[in-house]
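File shown here: coords24.pdb, holding PDB, C-alpha atoms.
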```pdb
ATOM      1  CA  MET W1417     105.537  93.825 119.236
ATOM      2  CA  ALA W1418     105.658  90.186 118.232
ATOM      3  CA  ALA W1419     105.596  89.084 114.622
ATOM      4  CA  PRO W1420     102.039  88.518 113.331
ATOM      5  CA  PRO W1421     100.884  84.914 113.686
ATOM      6  CA  SER W1422     101.144  82.734 110.616
ATOM      7  CA  SER W1423      98.933  79.870 109.577
ATOM      8  CA  ARG W1424     101.711  78.185 107.612
ATOM      9  CA  PRO W1425     103.349  75.126 109.153
ATOM     10  CA  SER W1426     106.822  75.618 110.483
ATOM     11  CA  VAL W1427     109.827  73.613 109.375
ATOM     12  CA  LEU W1428     109.100  71.343 112.319
ATOM     13  CA  GLY W1429     105.731  70.325 110.932
ATOM     14  CA  VAL W1430     103.820  71.982 113.789
ATOM     15  CA  PRO W1431     102.014  75.342 113.894
ATOM     16  CA  GLU W1432     104.224  78.352 114.511
ATOM     17  CA  ALA W1433     102.574  78.965 117.893
ATOM     18  CA  ASP W1434     103.639  75.515 119.088
ATOM     19  CA  ALA W1435     107.099  75.432 117.611
ATOM     20  CA  ASP W1436     108.986  77.096 120.462
ATOM     21  CA  ALA W1437     108.016  74.331 122.847
ATOM     22  CA  SER W1438     109.251  71.818 120.289
ATOM     23  CA  ALA W1439     112.588  73.390 119.482
ATOM     24  CA  ASP W1440     114.665  71.179 121.748
ATOM     25  CA  ARG W1441     113.106  67.864 120.670
ATOM     26  CA  GLU W1442     113.932  65.603 117.772
ATOM     27  CA  PHE W1443     110.958  64.600 115.666
ATOM     28  CA  GLY W1444     110.255  61.149 114.330
ATOM     29  CA  ALA W1445     108.207  62.094 111.264
ATOM     30  CA  ALA W1446     110.110  62.735 108.042
ATOM     31  CA  PHE W1447     109.775  66.148 106.458
ATOM     32  CA  GLY W1448     108.227  66.751 103.096
ATOM     33  CA  GLY W1449     104.928  64.855 103.145
ATOM     34  CA  PRO W1450     103.338  61.652 104.324
ATOM     35  CA  ASP W1451     105.895  59.365 102.648
ATOM     36  CA  PRO W1452     108.998  59.353 104.889
ATOM     37  CA  GLY W1453     111.109  57.572 102.289
ATOM     38  CA  PRO W1454     112.891  54.257 102.547
ATOM     39  CA  ALA W1455     114.862  54.950 105.721
ATOM     40  CA  GLN W1456     113.445  54.828 109.214
ATOM     41  CA  GLU W1457     113.690  58.309 110.706
ATOM     42  CA  THR W1458     113.671  57.600 114.451
ATOM     43  CA  ALA W1459     112.027  55.454 117.041
ATOM     44  CA  LEU W1460     111.676  58.126 119.684
ATOM     45  CA  GLU W1461     109.101  57.544 122.375
ATOM     46  CA  PRO W1462     107.701  60.209 124.722
ATOM     47  CA  SER W1463     108.771  59.907 128.330
ATOM     48  CA  ALA W1464     106.721  60.744 131.385
ATOM     49  CA  SER W1465     108.274  64.200 131.512
ATOM     50  CA  PRO W1466     106.563  66.727 129.206
ATOM     51  CA  GLY W1467     108.851  67.906 126.447
ATOM     52  CA  ALA W1468     111.388  65.130 127.045
ATOM     53  CA  TRP W1469     112.021  62.178 124.742
ATOM     54  CA  SER W1470     113.783  58.877 125.168
ATOM     55  CA  ALA W1471     115.108  56.408 122.616
ATOM     56  CA  GLY W1472     113.010  53.337 121.912
ATOM     57  CA  ALA W1473     114.455  49.875 121.562
ATOM     58  CA  ASP W1474     114.621  50.184 117.774
ATOM     59  CA  TYR W1475     116.107  53.682 117.739
ATOM     60  CA  ARG W1476     118.435  54.548 114.887
ATOM     61  CA  PRO W1477     119.956  58.007 114.459
ATOM     62  CA  SER W1478     118.299  59.974 111.693
ATOM     63  CA  VAL W1479     120.079  61.369 108.652
ATOM     64  CA  VAL W1480     117.627  64.285 108.817
ATOM     65  CA  PRO W1481     119.058  67.030 111.078
ATOM     66  CA  HIS W1482     115.859  67.549 113.050
ATOM     67  CA  ASP W1483     117.616  69.109 116.038
ATOM     68  CA  ARG W1484     119.489  71.645 113.899
ATOM     69  CA  MET W1485     116.365  72.621 111.992
ATOM     70  CA  ALA W1486     114.450  72.960 115.246
ATOM     71  CA  GLY W1487     117.137  75.219 116.683
ATOM     72  CA  CYS W1488     117.347  77.333 113.550
ATOM     73  CA  ALA W1489     113.563  77.639 113.286
ATOM     74  CA  ALA W1490     113.452  78.926 116.868
ATOM     75  CA  ALA W1491     116.203  81.441 116.059
ATOM     76  CA  HIS W1492     114.272  82.499 112.965
ATOM     77  CA  ARG W1493     111.225  83.247 115.084
ATOM     78  CA  ARG W1494     113.308  85.373 117.444
ATOM     79  CA  LEU W1495     114.653  87.224 114.417
ATOM     80  CA  LEU W1496     111.184  87.870 112.983
ATOM     81  CA  GLU W1497     109.870  89.070 116.340
ATOM     82  CA  LEU W1498     112.787  91.489 116.687
ATOM     83  CA  VAL W1499     112.484  92.796 113.132
ATOM     84  CA  GLU W1500     108.874  93.770 113.856
ATOM     85  CA  ARG W1501     110.219  96.307 116.383
ATOM     86  CA  VAL W1502     112.628  97.896 113.891
ATOM     87  CA  ASP W1503     111.654 101.211 112.293
ATOM     88  CA  ASP W1504     113.446 103.400 109.767
ATOM     89  CA  ASP W1505     115.491 105.181 112.442
ATOM     90  CA  VAL W1506     116.675 101.920 113.975
ATOM     91  CA  LEU W1507     117.741 100.641 110.546
ATOM     92  CA  ARG W1508     120.257 103.491 110.257
ATOM     93  CA  ARG W1509     121.934 102.673 113.566
ATOM     94  CA  PRO W1510     125.412 101.143 113.554
ATOM     95  CA  SER W1511     125.322  97.441 114.328
ATOM     96  CA  GLY W1512     127.869  95.602 116.431
ATOM     97  CA  LEU W1513     129.891  94.849 113.266
ATOM     98  CA  PRO W1514     132.281  97.644 112.256
ATOM     99  CA  GLY W1515     131.027  99.479 109.168
ATOM    100  CA  TRP W1516     127.648  97.707 109.122
ATOM    101  CA  THR W1517     124.337  99.335 109.961
ATOM    102  CA  VAL W1518     121.306  97.424 111.190
ATOM    103  CA  ALA W1519     119.949  97.686 107.630
ATOM    104  CA  HIS W1520     123.089  96.088 106.193
ATOM    105  CA  LEU W1521     122.930  93.221 108.656
ATOM    106  CA  LEU W1522     119.218  92.493 108.213
ATOM    107  CA  THR W1523     119.640  92.600 104.442
ATOM    108  CA  HIS W1524     122.513  90.149 104.776
ATOM    109  CA  LEU W1525     120.347  87.807 106.865
ATOM    110  CA  ALA W1526     117.677  87.876 104.153
ATOM    111  CA  ARG W1527     120.123  87.302 101.291
ATOM    112  CA  ASN W1528     121.915  84.591 103.253
ATOM    113  CA  ALA W1529     118.621  82.723 103.740
ATOM    114  CA  GLU W1530     117.976  82.996 100.001
ATOM    115  CA  SER W1531     121.448  81.635  99.269
ATOM    116  CA  HIS W1532     120.711  78.607 101.432
ATOM    117  CA  SER W1533     117.354  78.120  99.724
ATOM    118  CA  GLY W1534     119.108  78.087  96.368
ATOM    119  CA  MET W1535     121.537  75.387  97.468
ATOM    120  CA  VAL W1536     118.818  73.247  99.064
ATOM    121  CA  GLU W1537     116.452  73.581  96.101
ATOM    122  CA  ALA W1538     119.252  72.693  93.693
ATOM    123  CA  ALA W1539     120.140  69.598  95.722
ATOM    124  CA  THR W1540     116.482  68.555  95.807
ATOM    125  CA  GLY W1541     116.482  68.749  92.005
ATOM    126  CA  GLY W1542     119.650  66.650  91.719
ATOM    127  CA  ASP W1543     121.958  69.593  91.074
ATOM    128  CA  VAL W1544     124.681  71.472  92.968
ATOM    129  CA  ARG W1545     124.741  75.239  93.457
ATOM    130  CA  ASP W1546     127.301  77.678  94.780
ATOM    131  CA  GLN W1547     126.016  79.689  97.714
ATOM    132  CA  TYR W1548     126.667  82.946  95.862
ATOM    133  CA  PRO W1549     126.951  82.156  92.136
ATOM    134  CA  GLY W1550     128.338  85.658  91.580
ATOM    135  CA  GLY W1551     130.983  85.185  94.254
ATOM    136  CA  GLN W1552     132.013  87.683  96.908
ATOM    137  CA  ASP W1553     131.114  90.619  94.644
ATOM    138  CA  GLN W1554     127.511  89.450  94.462
ATOM    139  CA  ARG W1555     127.342  89.021  98.232
ATOM    140  CA  ASP W1556     128.759  92.495  98.856
ATOM    141  CA  ARG W1557     126.483  94.184  96.316
ATOM    142  CA  ASP W1558     123.399  92.510  97.717
ATOM    143  CA  ILE W1559     124.221  93.686 101.235
ATOM    144  CA  ALA W1560     124.988  97.245 100.127
ATOM    145  CA  ALA W1561     121.688  97.406  98.249
ATOM    146  CA  GLY W1562     119.776  97.172 101.532
ATOM    147  CA  ARG W1563     121.360 100.256 103.079
ATOM    148  CA  ASP W1564     118.530 102.686 102.313
ATOM    149  CA  LEU W1565     115.521 100.363 102.220
ATOM    150  CA  PRO W1566     112.512 101.305 104.367
ATOM    151  CA  ALA W1567     111.719  99.195 107.408
ATOM    152  CA  ALA W1568     108.537  97.740 105.891
ATOM    153  CA  THR W1569     110.499  96.405 102.933
ATOM    154  CA  VAL W1570     113.229  94.944 105.136
ATOM    155  CA  ARG W1571     110.652  93.200 107.331
ATOM    156  CA  ALA W1572     108.936  91.716 104.294
ATOM    157  CA  GLU W1573     112.196  90.540 102.726
ATOM    158  CA  VAL W1574     113.442  88.862 105.904
ATOM    159  CA  ALA W1575     110.105  87.105 106.461
ATOM    160  CA  ALA W1576     109.861  85.940 102.851
ATOM    161  CA  ALA W1577     113.435  84.622 102.825
ATOM    162  CA  VAL W1578     112.936  82.683 106.070
ATOM    163  CA  THR W1579     109.675  81.198 104.820
ATOM    164  CA  ARG W1580     111.244  80.093 101.545
ATOM    165  CA  LEU W1581     114.166  78.416 103.305
ATOM    166  CA  GLU W1582     112.045  76.540 105.833
ATOM    167  CA  ARG W1583     109.772  75.307 103.057
ATOM    168  CA  ALA W1584     112.826  74.210 101.072
ATOM    169  CA  TRP W1585     113.943  72.132 104.067
ATOM    170  CA  ASP W1586     110.454  70.640 104.344
ATOM    171  CA  ALA W1587     110.675  69.420 100.743
ATOM    172  CA  VAL W1588     113.987  67.544 101.063
ATOM    173  CA  HIS W1589     113.632  63.770 100.739
ATOM    174  CA  VAL W1590     115.581  61.614 103.157
ATOM    175  CA  ASP W1591     117.830  60.327 100.356
ATOM    176  CA  VAL W1592     118.783  63.914  99.482
ATOM    177  CA  TRP W1593     119.616  64.599 103.113
ATOM    178  CA  ARG W1594     122.027  61.660 102.867
ATOM    179  CA  THR W1595     124.003  62.704  99.806
ATOM    180  CA  GLY W1596     122.966  66.234  98.775
ATOM    181  CA  PHE W1597     125.315  69.166  99.211
ATOM    182  CA  GLY W1598     126.005  72.760  98.272
ATOM    183  CA  ARG W1599     129.193  74.768  97.861
ATOM    184  CA  VAL W1600     130.044  77.614 100.207
ATOM    185  CA  SER W1601     133.016  79.912  99.727
ATOM    186  CA  THR W1602     134.513  79.244 103.179
ATOM    187  CA  TYR W1603     134.127  75.446 103.358
ATOM    188  CA  GLY W1604     133.674  74.280  99.766
ATOM    189  CA  VAL W1605     131.509  71.153  99.478
ATOM    190  CA  THR W1606     129.135  71.198 102.463
ATOM    191  CA  THR W1607     126.447  68.645 103.286
ATOM    192  CA  LEU W1608     122.851  69.766 103.660
ATOM    193  CA  ALA W1609     122.929  68.928 107.375
ATOM    194  CA  ASP W1610     125.981  71.162 107.861
ATOM    195  CA  LEU W1611     124.319  73.884 105.808
ATOM    196  CA  VAL W1612     121.463  73.867 108.318
ATOM    197  CA  PHE W1613     123.967  74.430 111.098
ATOM    198  CA  LEU W1614     125.666  77.254 109.186
ATOM    199  CA  ARG W1615     122.321  79.021 108.757
ATOM    200  CA  TRP W1616     121.567  78.479 112.457
ATOM    201  CA  ARG W1617     124.935  80.017 113.289
ATOM    202  CA  GLU W1618     124.283  82.959 110.984
ATOM    203  CA  THR W1619     120.975  83.707 112.671
ATOM    204  CA  GLU W1620     122.079  83.227 116.289
ATOM    205  CA  ILE W1621     125.274  85.274 116.007
ATOM    206  CA  HIS W1622     123.886  88.092 113.871
ATOM    207  CA  LEU W1623     120.925  88.474 116.224
ATOM    208  CA  VAL W1624     123.564  89.451 118.779
ATOM    209  CA  ASP W1625     125.517  91.530 116.243
ATOM    210  CA  LEU W1626     122.411  93.664 115.611
ATOM    211  CA  ALA W1627     123.048  95.245 119.042
ATOM    212  CA  LEU W1628     119.349  95.827 119.657
ATOM    213  CA  THR W1629     119.152  94.883 123.320
ATOM    214  CA  ASP W1630     117.072  98.007 123.955
ATOM    215  CA  LEU W1631     114.403  96.463 121.697
ATOM    216  CA  GLY W1632     114.597  93.078 123.384
ATOM    217  CA  GLY W1633     117.337  91.674 121.186
ATOM    218  CA  PRO W1634     119.796  89.139 122.621
ATOM    219  CA  GLY W1635     123.321  89.480 123.906
ATOM    220  CA  LEU W1636     125.951  86.764 123.808
ATOM    221  CA  ALA W1637     124.711  85.410 127.133
ATOM    222  CA  ASP W1638     121.337  84.792 125.466
ATOM    223  CA  LEU W1639     122.620  82.375 122.811
ATOM    224  CA  SER W1640     120.522  79.230 122.914
ATOM    225  CA  SER W1641     122.145  76.401 124.849
ATOM    226  CA  ALA W1642     121.502  73.965 121.998
ATOM    227  CA  TYR W1643     123.339  76.245 119.579
ATOM    228  CA  VAL W1644     126.256  76.750 121.982
ATOM    229  CA  GLU W1645     126.730  72.981 122.248
ATOM    230  CA  VAL W1646     127.024  72.531 118.484
ATOM    231  CA  GLU W1647     129.043  75.706 117.928
ATOM    232  CA  TRP W1648     131.566  74.832 120.636
ATOM    233  CA  ALA W1649     132.252  71.446 119.064
ATOM    234  CA  TRP W1650     132.441  72.889 115.520
ATOM    235  CA  THR W1651     134.672  75.820 116.452
ATOM    236  CA  VAL W1652     137.043  73.800 118.635
ATOM    237  CA  ARG W1653     137.423  71.290 115.798
ATOM    238  CA  GLY W1654     138.483  74.092 113.451
ATOM    239  CA  LEU W1655     140.735  75.863 115.948
ATOM    240  CA  PRO W1656     144.100  74.197 115.086
ATOM    241  CA  SER W1657     144.321  75.967 111.725
ATOM    242  CA  ARG W1658     143.689  79.346 113.416
ATOM    243  CA  LEU W1659     146.382  79.045 116.084
ATOM    244  CA  PRO W1660     149.994  80.169 115.755
ATOM    245  CA  ALA W1661     152.098  77.105 114.990
ATOM    246  CA  GLU W1662     154.095  77.454 118.209
ATOM    247  CA  VAL W1663     151.012  77.506 120.485
ATOM    248  CA  THR W1664     148.890  74.861 122.152
ATOM    249  CA  VAL W1665     145.728  76.160 123.830
ATOM    250  CA  LEU W1666     144.175  74.395 126.792
ATOM    251  CA  LEU W1667     140.514  75.401 126.922
ATOM    252  CA  ALA W1668     139.375  75.094 130.550
ATOM    253  CA  PRO W1669     135.822  76.470 130.705
ATOM    254  CA  GLY W1670     134.930  74.768 133.969
ATOM    255  CA  ASP W1671     131.326  74.237 132.855
ATOM    256  CA  ARG W1672     132.299  71.497 130.375
ATOM    257  CA  PRO W1673     135.286  69.161 129.931
ATOM    258  CA  SER W1674     138.617  70.805 129.206
ATOM    259  CA  THR W1675     140.360  70.169 125.917
ATOM    260  CA  ALA W1676     143.815  70.900 124.494
ATOM    261  CA  VAL W1677     144.157  72.138 120.912
ATOM    262  CA  GLY W1678     147.317  72.594 118.861
ATOM    263  CA  ARG W1679     150.777  71.050 118.770
ATOM    264  CA  GLY W1680     153.038  73.959 119.708
ATOM    265  CA  LYS W1681     155.465  73.959 122.619
ATOM    266  CA  GLU W1682     154.043  77.161 124.103
ATOM    267  CA  LEU W1683     151.045  76.273 126.302
ATOM    268  CA  VAL W1684     148.351  78.890 126.912
ATOM    269  CA  VAL W1685     145.562  78.089 129.368
ATOM    270  CA  VAL W1686     142.271  79.782 128.494
ATOM    271  CA  ASP W1687     140.618  79.619 131.906
ATOM    272  CA  ALA W1688     137.211  81.132 131.155
ATOM    273  CA  PRO W1689     133.605  79.887 131.076
ATOM    274  CA  THR W1690     132.105  78.727 127.814
ATOM    275  CA  ILE W1691     130.408  81.961 126.700
ATOM    276  CA  PRO W1692     133.389  84.313 127.259
ATOM    277  CA  ALA W1693     135.715  81.740 125.683
ATOM    278  CA  LEU W1694     133.343  81.273 122.754
ATOM    279  CA  ALA W1695     133.095  85.053 122.273
ATOM    280  CA  TRP W1696     136.882  85.061 121.851
ATOM    281  CA  LEU W1697     136.879  82.007 119.585
ATOM    282  CA  ILE W1698     134.293  83.516 117.215
ATOM    283  CA  GLY W1699     135.949  86.921 117.046
ATOM    284  CA  ARG W1700     133.412  88.868 119.107
ATOM    285  CA  ASP W1701     135.826  89.631 121.945
ATOM    286  CA  PRO W1702     139.613  90.151 121.867
ATOM    287  CA  GLY W1703     140.059  87.943 124.923
ATOM    288  CA  ARG W1704     142.710  88.424 127.573
ATOM    289  CA  PRO W1705     146.106  89.890 126.702
ATOM    290  CA  ASP W1706     147.889  86.570 127.240
ATOM    291  CA  TRP W1707     145.602  84.659 124.890
ATOM    292  CA  PRO W1708     147.010  84.126 121.377
ATOM    293  CA  ALA W1709     145.813  86.003 118.318
ATOM    294  CA  LEU W1710     143.599  83.781 116.188
ATOM    295  CA  GLY W1711     143.165  83.502 112.451
ATOM    296  CA  PRO W1712     139.774  84.334 110.912
ATOM    297  CA  TRP W1713     136.685  82.530 112.212
ATOM    298  CA  TRP W1714     134.313  81.200 109.586
TER     299      TRP W1714
END
```
Mind converting the file's structure to structure tokens?
Amino acid sequence: MAAPPSSRPSVLGVPEADADASADREFGAAFGGPDPGPAQETALEPSASPGAWSAGADYRPSVVPHDRMAGCAAAHRRLLELVERVDDDVLRRPSGLPGWTVAHLLTHLARNAESHSGMVEAATGGDVRDQYPGGQDQRDRDIAAGRDLPAATVRAEVAAAVTRLERAWDAVHVDVWRTGFGRVSTYGVTTLADLVFLRWRETEIHLVDLALTDLGGPGLADLSSAYVEVEWAWTVRGLPSRLPAEVTVLLAPGDRPSTAVGRGKELVVVDAPTIPALAWLIGRDPGRPDWPALGPWW
């Protein structure tokens, strides 16, 4: 059963029912009201092909991460649709993460959205906030507290947290997108645009981690192509610090350009398509025996 329709505007500034078709486009209008602020957002012009856009002569890249918000909003809708199919028995199932039930993971997705809202709202008010002001202990307690919640409560909490976050994004002025930031435990100071990506990542990957394919949930092969593009670039950029010092990895996916990472004398060729290689890179698959062990993925 799909999530009930909502009359609220989505983070993209279009009705929820129309947002899926818009998820892969960048939008020219600034978020947060009729005044777009002092900076031009885009000069995108529609092409003859429906759903496709081309750059106008005066195009300038936007500081507002429209594409990331569009991707995350689409992932949020998939999450809300899936949660509507979850009952009390499903909540008690083990998820794909060792030691986590479906209830733990959905509670984490709700609390994570709230943590992002707190950082965005603080930045909008000219302040800076830690993602979890109480640190790792707060994060762990909040997740554990969702273990025995009924399905109706979990559904309501996830929906409310997503709504709050998308509205917080809508309220960010272009100048705040330029210089605002939050603090996350894994990366420290993180720009608002990168925070949007981190929330997108959280939603896309944990949708898979829920292991609810029998209810229509996604597998790794169902990750959105837009997300995979951004995640591949982000994860490859952070790979050197996760490799053994003596190893250089040559990623040869075949469906995108190959790249070599590391400075070690031992060369390991990871000859695998993007999705299997990405599953290894993000710690969801051990990879082949000859591939090196990696440090933690964040």
*Could you tell me how far CA of Ser1657 (chain W) lies from CA of Ala1676 (chain W), in Å and to one decimal?*
13.7 Å
_Closest of W:Cys1488, W:Ala1539, W:Leu1655, W:Gln1547 to Thr1675 (chain W) - atom-to-atom distances counting all atoms listed in the file_ =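 The closest residue to Thr1675 (chain W) is W:Leu1655.
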*asked:* Report as a count of residues only all protein, DNA and RNA residues lying within 8 Å of Leu1521 (chain W), evaluated on only C-alpha atoms, omitting residues in the same chain fewer than 3 positions from it.
replied: 9
*Determine, counting all atoms listed in the file, which protein, DNA and RNA residues have an atom within 9 Å of an atom of region 1564-1573 of chain W; residues of the same chain fewer than 6 positions away are not included. Present the result as a list in words.*
Leu1496, Val1499, Glu1500, Val1502, Asp1503, Asp1504, Asp1505, Val1506, Leu1507, Arg1508, Ala1519, His1520, Leu1522, Thr1523, Ala1526 and Arg1527 of chain W
*CA of Lys1681 (chain W) to CA of Pro1660 (chain W), distance in Å rounded to a single decimal*: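 We find that CA of Lys1681 (chain W) and CA of Pro1660 (chain W) lie 10.8 Å from each other.
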*Give me the residues within 7 Å of Val1685 (chain W) as a list in words, counting all atoms listed in the file and dropping any in the same chain fewer than 5 places off.*
Val1665, Leu1666, Leu1667 and Ala1668 of chain W
*asked:* So the first atom is CA of Val1536 (chain W) and the second is CA of Pro1634 (chain W); what is the distance between them in Å, to one decimal place?
replied: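 According to the coordinates, CA of Val1536 (chain W) and CA of Pro1634 (chain W) are separated by 28.4 Å.
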Test item: axis-aligned box, all listed atoms of region 1485-1491 of chain W, 4 Å on each side, centre and edges in Å rounded to one decimal, as JSON:
```
{"center_x": 115.4, "center_y": 77.0, "center_z": 114.4, "size_x": 11.9, "size_y": 16.8, "size_z": 12.9}
```
*Nearest to Gly1633 (chain W) among W:Arg1494, W:Thr1651, W:Gln1552, W:Leu1659, with distances taken over all atoms listed in the file: which residue is it?*
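Going through W:Arg1494, W:Thr1651, W:Gln1552, W:Leu1659 one by one, the smallest distance to Gly1633 (chain W) is for W:Arg1494.
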Can you pull out every residue within 9 Å of Leu1694 (chain W), counting all atoms listed in the file, but drop anything in the same chain fewer than 3 positions away, and send it as a PDB file with C-alpha atoms, in the coordinates of the input?
```pdb
ATOM      1  CA  VAL W1644     126.256  76.750 121.982  1.00  0.00           C
ATOM      2  CA  GLU W1647     129.043  75.706 117.928  1.00  0.00           C
ATOM      3  CA  TRP W1648     131.566  74.832 120.636  1.00  0.00           C
ATOM      4  CA  THR W1651     134.672  75.820 116.452  1.00  0.00           C
ATOM      5  CA  PRO W1689     133.605  79.887 131.076  1.00  0.00           C
ATOM      6  CA  THR W1690     132.105  78.727 127.814  1.00  0.00           C
ATOM      7  CA  ILE W1691     130.408  81.961 126.700  1.00  0.00           C
ATOM      8  CA  LEU W1697     136.879  82.007 119.585  1.00  0.00           C
ATOM      9  CA  ILE W1698     134.293  83.516 117.215  1.00  0.00           C
ATOM     10  CA  GLY W1699     135.949  86.921 117.046  1.00  0.00           C
ATOM     11  CA  ARG W1700     133.412  88.868 119.107  1.00  0.00           C
ATOM     12  CA  ASP W1701     135.826  89.631 121.945  1.00  0.00           C
TER      13      ASP W1701
END
```
When you look at Gly1632 (chain W) with a cut-off of 9 Å (counting all atoms listed in the file), what residues show up, excluding the ones that are within fewer than 2 positions of it in the same chain? I need them as a JSON list (two decimals) with C-alpha atoms, keeping the file's coordinate frame.
```json
[["chain", "number", "residue", "atom", "x", "y", "z"],
["W", 1498, "LEU", "CA", 112.79, 91.49, 116.69],
["W", 1501, "ARG", "CA", 110.22, 96.31, 116.38],
["W", 1628, "LEU", "CA", 119.35, 95.83, 119.66],
["W", 1629, "THR", "CA", 119.15, 94.88, 123.32],
["W", 1630, "ASP", "CA", 117.07, 98.01, 123.96],
["W", 1634, "PRO", "CA", 119.80, 89.14, 122.62]]
```
*Evaluating the PyMOL selection byres ((chain W and resi 1582) around 10) on the displayed file yields which residues, as an MDAnalysis selection string?*
chainID W and resid 1425:1428 1485 1488:1489 1492 1529 1532:1533 1577:1581 1583:1587
*Would you translate the PyMOL selection byres ((chain W and resi 1709) around 9) into the concrete set of residues it matches in this file, as a list in words?*
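When the PyMOL selection byres ((chain W and resi 1709) around 9) is applied, the selected residues are Arg1658, Leu1659, Pro1660, Pro1702, Gly1703, Trp1707, Pro1708, Leu1710 and Gly1711 of chain W.
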*Using the chain letters and numbering of this document, enumerate as an MDAnalysis selection string the residues selected by the PyMOL selection byres ((chain W and resi 1545) around 12).*
chainID W and resid 1531:1544 1546:1551 1596:1601 1604:1608
*With all atoms listed in the file counted, which protein, DNA or RNA residues have an atom no more than 10 Å from (119.9, 62.7, 106.2) in the file frame? Please answer as JSON, numbers by chain.*
{"W": [1446, 1455, 1457, 1477, 1478, 1479, 1480, 1481, 1482, 1588, 1589, 1590, 1591, 1592, 1593, 1594, 1595, 1596, 1607, 1608, 1609]}
_Nearest to Gly1670 (chain W), chosen from W:Pro1692, W:Ile1621, W:Arg1653, W:Arg1509, with all atoms listed in the file counted in the distances_ = W:Pro1692
*Selected residue of minimal separation from Asp1625 (chain W) among W:Asp1474, W:Gly1512, W:Ala1490, W:Pro1656, counting all atoms listed in the file*: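 Once distances to Asp1625 (chain W) are computed over all atoms listed in the file, the minimum belongs to W:Gly1512.
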